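What follows is a single structure, written as structure tokens, with notes after it.
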Amino acid sequence: MMLPEHLTVAGGRLHIGGHDTVALADTHGTPLYVTDEDRIRANYRRLEDALTAHYPKVRVLYAAKANGNLAVFRILADLGAGADVFSAGELCLALAAGMQAEKLLFNGSSKSTADLALAVETGVKVSVDSLDELRQLNAAAAAAGKTVRIAFRVNPAIEVPTHPKIATGLATTKFGIPAGQILDAYREALACSNIDPVGVHCHIGSQILEVEPFVREMEVLIDLARDLLALGVTIEFIDIGGGLGVPYHRETDRAPTPQDYAAAVMPVFLAGIRDLGIEPELWVEPGRSLIADSTILLTRVNSVKEAYKTFANVDAGFNLLVRPAMYDSYHAVVAANKADAPAEREYTIAGPICETGDLLAKDRMLPALAAGDLIAVLDTGAYGFAMSSQYNSRPRCAEVIVRGDDAALMRRAEDVDDLTAPMQQPAWQQ
């Protein structure tokens with residue numbers, strides 16, 4: 001199996017960032033997420049360097065929904081990143097990690113009045129998703145005696161090669177204002193007393209393994225910028241969103257590198273802004289491409305069962321990693337304590353959840369497995385713990401971060417008390 005450079009095999013065991021996964025599992029228990037901080041930093045620098053090699057005014061906004069651990073936010077804040085936040089919680093985490101309000105964009109298609117009030121209070125820019133939201137935001141800003149700087153999120157009606165549940169730029173999705181209506185939206189924003197439109201925003205989807213859709217997206221944004229300038233809008237930034245995919249199946253997937261992405265998108269951007277006579281910042285919103293491969297999920301084999309298939313029943317299920325059940329996603333798996341042993345049998349890795357679809361990996365050739373063996377599920381840094389739940393009343397697992405020779409908890413494991421702590425006893429049950 002092809003492994004990324006931060007995953008190695010020594011003494012028959014899988015290591016992440018030089019740390020023995022078996023020792024980590026023995027120390028902290030399983031299931032267990034393990035993240036390599038150095039890998040996140042390397043991924044970030046590769047992307048930033050690829051883009052700034054073409055144009056210096058680039059701002060990287062981390063797609064906070066991919067992984068909401070505060071330690072991850074702090075790493076990216078230290079590197080100078082901002083964040084694309086989709087909730088009040090993500091906004092507060094970004095600020096708590098030290099990200100500057102001016103480097104945040106409050107995104108989202110259904111913001112509450114409390115969300116809009118928080119945006120006004122903190123002074124973050126807002127990606128406005130509807131005229132109704134614009135009017136509510138203007139009222140909230142007027143009540144606070146402030147002006148809010150915004151972009152509208154445009155829906156470009158671009159089809160992309162990805163799972164339909166994460167294709168966000170289709171004409172049929174809930175996101176953004178249709179391109180045919182966007183100029184009227186900016187006209188209304190210009191007339192608002194407490195709104196200052198200063199940019200344009202778009203995001204076409206996630207896990208995209210081709211660069212051509214991003215080129216088409218940039219062409220749409222440049223054409224829109226031309227029309228906005230004619231309306232009198234000052235364009236301080238153009239936000240192309242995120243979506244660059246990663247090779248979950250390294251033997252067959254071909255994912256664009258940051259250099260491939262920059263080489264395709266930046267010439268269109270640069271030619272467009274030169275033609276328009278402007279020098280806006282270019283904003284990008286990477287999530288998966290920064291952190292997916294930084295993390296593995298360690299899970300212990302509870303039992304092996306011969307049935308319709310040979311099932312290796314493990315202690316992690318879609319309560320901790322929902323992507324295979326939700327998207328039919330592929331994640332490579334490694335027998336972490338037998339990492340250099342030859343593959344002997346085909347196994348389906350099954351979780352403990354009371355659902356037939358609770359399968360982490362189907363039909364994988366692995367060394368002979370037995371109860372107590374340790375399985376590593378790769379590339380789980382994005383939309384892993386972030387989409388986890390307490391389904392079947394299973395407390396969520398711990399998260400460990402490694403850096404150099406150091407390893408530490410970045411989230412403790414939950415216990416049953418964490419399940420019951422928010423619960424209240426109605427008076428008639430007392």
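Chain labels run A, B, ... following the order of the structure tokens; each chain numbers its residues from 1, and ligands are numbered from 1 in the order shown.
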task = Considering only C-alpha atoms, return as a PyMOL selection string whatever protein or nucleic-acid residues lie within 12 Å of Thr348 (chain A), sequence-local ones (same chain, fewer than 6 positions apart) excluded.
result = chain A and resi 301+304-314+332-333+357-366+369+375
With C-alpha atoms retained, could you export that selection as an mmCIF file, in the first residue's frame?
```
data_model
loop_
_atom_site.group_PDB
_atom_site.id
_atom_site.type_symbol
_atom_site.label_atom_id
_atom_site.label_comp_id
_atom_site.auth_asym_id
_atom_site.auth_seq_id
_atom_site.Cartn_x
_atom_site.Cartn_y
_atom_site.Cartn_z
ATOM 1 C CA VAL A 301 -10.711 -5.551 16.561
ATOM 2 C CA VAL A 304 -13.708 -11.852 13.662
ATOM 3 C CA LYS A 305 -16.812 -13.510 12.206
ATOM 4 C CA GLU A 306 -17.200 -15.873 9.251
ATOM 5 C CA ALA A 307 -20.554 -15.181 7.597
ATOM 6 C CA TYR A 308 -21.625 -13.971 4.155
ATOM 7 C CA LYS A 309 -18.265 -12.218 4.315
ATOM 8 C CA THR A 310 -15.453 -12.306 6.814
ATOM 9 C CA PHE A 311 -16.168 -9.420 9.160
ATOM 10 C CA ALA A 312 -13.574 -7.810 11.389
ATOM 11 C CA ASN A 313 -15.770 -6.203 14.041
ATOM 12 C CA VAL A 314 -14.085 -3.124 15.489
ATOM 13 C CA ALA A 332 -7.552 2.950 3.169
ATOM 14 C CA VAL A 333 -7.014 0.694 6.177
ATOM 15 C CA GLY A 357 -24.605 0.300 6.826
ATOM 16 C CA ASP A 358 -22.053 0.566 9.637
ATOM 17 C CA LEU A 359 -19.117 -0.578 7.511
ATOM 18 C CA LEU A 360 -15.856 1.391 7.550
ATOM 19 C CA ALA A 361 -14.172 -0.546 4.746
ATOM 20 C CA LYS A 362 -15.432 -3.271 2.434
ATOM 21 C CA ASP A 363 -13.544 -6.239 0.986
ATOM 22 C CA ARG A 364 -9.967 -5.308 1.902
ATOM 23 C CA MET A 365 -7.017 -7.670 1.691
ATOM 24 C CA LEU A 366 -5.230 -7.634 5.058
ATOM 25 C CA LEU A 369 -6.740 -10.637 11.893
ATOM 26 C CA ILE A 375 -6.688 -1.175 12.514
#
```
key: Neighbour list for region 33-46 of chain A as a PyMOL selection string, cut-off 6 Å, only C-alpha atoms, skip fewer than 6 positions in-chain   = chain A and resi 17+290-291+294-297+399-403
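Counting only C-alpha atoms, Asp253 (chain A) has the following residues at most 12 Å away, ignoring those fewer than 4 positions along the same chain: Met2, Gln207, Ile208, Leu209, Glu210, Gly245, Val246, Pro247, Tyr248, His249, Tyr330 and His331 of chain A.
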Given the selection you just returned, output its residues as a file containing C-alpha atoms, formatted as an mmCIF file, in the first residue's frame.
```
data_model
loop_
_atom_site.group_PDB
_atom_site.id
_atom_site.type_symbol
_atom_site.label_atom_id
_atom_site.label_comp_id
_atom_site.auth_asym_id
_atom_site.auth_seq_id
_atom_site.Cartn_x
_atom_site.Cartn_y
_atom_site.Cartn_z
ATOM 1 C CA MET A 2 1.144 3.515 -0.814
ATOM 2 C CA GLN A 207 -13.485 16.635 -3.017
ATOM 3 C CA ILE A 208 -12.976 17.822 -6.614
ATOM 4 C CA LEU A 209 -10.154 15.958 -8.356
ATOM 5 C CA GLU A 210 -9.935 18.110 -11.483
ATOM 6 C CA GLY A 245 -9.758 17.007 -3.366
ATOM 7 C CA VAL A 246 -7.346 14.479 -1.937
ATOM 8 C CA PRO A 247 -6.422 10.959 -3.141
ATOM 9 C CA TYR A 248 -8.223 8.729 -0.651
ATOM 10 C CA HIS A 249 -7.477 5.773 -2.916
ATOM 11 C CA TYR A 330 -13.263 4.964 0.489
ATOM 12 C CA HIS A 331 -10.676 5.075 3.277
#
```
Which neighbours of Asp275 (chain A) fall inside 10 Å, counting only C-alpha atoms, when residues of the same chain fewer than 6 positions from it are skipped, and could you give them as a short mmCIF file (atom, residue, chain, number, x, y, z; two decimals) with C-alpha atoms, in the first residue's frame?
```cif
data_model
loop_
_atom_site.label_atom_id
_atom_site.label_comp_id
_atom_site.auth_asym_id
_atom_site.auth_seq_id
_atom_site.Cartn_x
_atom_site.Cartn_y
_atom_site.Cartn_z
CA ILE A 222 -14.13 37.74 -13.15
CA ARG A 226 -16.62 43.47 -14.25
CA PHE A 269 -7.42 35.49 -12.14
#
```
ask   = Using the chain letters and numbers from this document, which residues of region 207-255 of chain A does DSSP assign to strand (DSSP E or B), as number ranges by chain?
value = A: 208, 237-239, 244
inquiry  = Can you measure CA of Asp260 (chain A) to CA of Val211 (chain A) for me? One decimal in Å is fine.
reply    = 7.5 Å
request  = Check the DSSP output for the backbone and give back, as an MDAnalysis selection string, the residues of region 50-278 of chain A in alpha helix (DSSP H).
outcome  = chainID A and resid 50:52 70:78 88:96 113:122 131:144 182:191 212:231 258:276
inquiry  = Rounded to one decimal, what separation in Å do you get between CA of Glu219 (chain A) and CA of Ala382 (chain A)?
reply    =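 Value for the CA of Glu219 (chain A)-CA of Ala382 (chain A) distance: 28.4 Å.
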ask   = Which one of A:Phe385, A:Trp428, A:Phe152, A:Tyr391 sits closest to Lys65 (chain A) if you count only C-alpha atoms?
value =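 The shortest atom-to-atom distance to Lys65 (chain A) comes from A:Phe385.
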message = Nearest residue to Ile150 (chain A) out of A:Gly68, A:Gly272, A:Gly123, A:Pro426, using only C-alpha atoms?
response =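 Ranked by minimum distance to Ile150 (chain A), first place goes to A:Gly123.
Going from CA of Ser388 (chain A) to CA of Gly89 (chain A) covers 15.9 Å.
When only C-alpha atoms are used to compute distances to Ile195 (chain A), the closest of the residues A:Gly242, A:Arg153, A:Lys125, A:Asp227 turns out to be A:Lys125.
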message = Please determine, counting only C-alpha atoms, which residue among A:Asp132, A:Arg411, A:Ala189, A:Thr299 has the shortest atom-to-atom distance to Lys111 (chain A).
response =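 Among A:Asp132, A:Arg411, A:Ala189, A:Thr299, it is A:Asp132 that comes nearest to Lys111 (chain A).
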key: Selection near Ser193 (chain A), 12 Å with only C-alpha atoms, sequence-local residues under 6 positions removed, as a list in words   =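 The contact residues come out as Leu134, Arg135, Leu137, Asn138, Ala139, Ala140, Ala141, Ala142, Ala143, Gly145, Lys146, Thr147, Val148 and Arg149 of chain A.
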ask   = Nearest to Leu276 (chain A) among A:Glu217, A:Ile349, A:Ala225, A:Ala64, with distances taken over only C-alpha atoms: which residue is it?
value =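 Checking each candidate against Leu276 (chain A), we get A:Ala225 as the closest.
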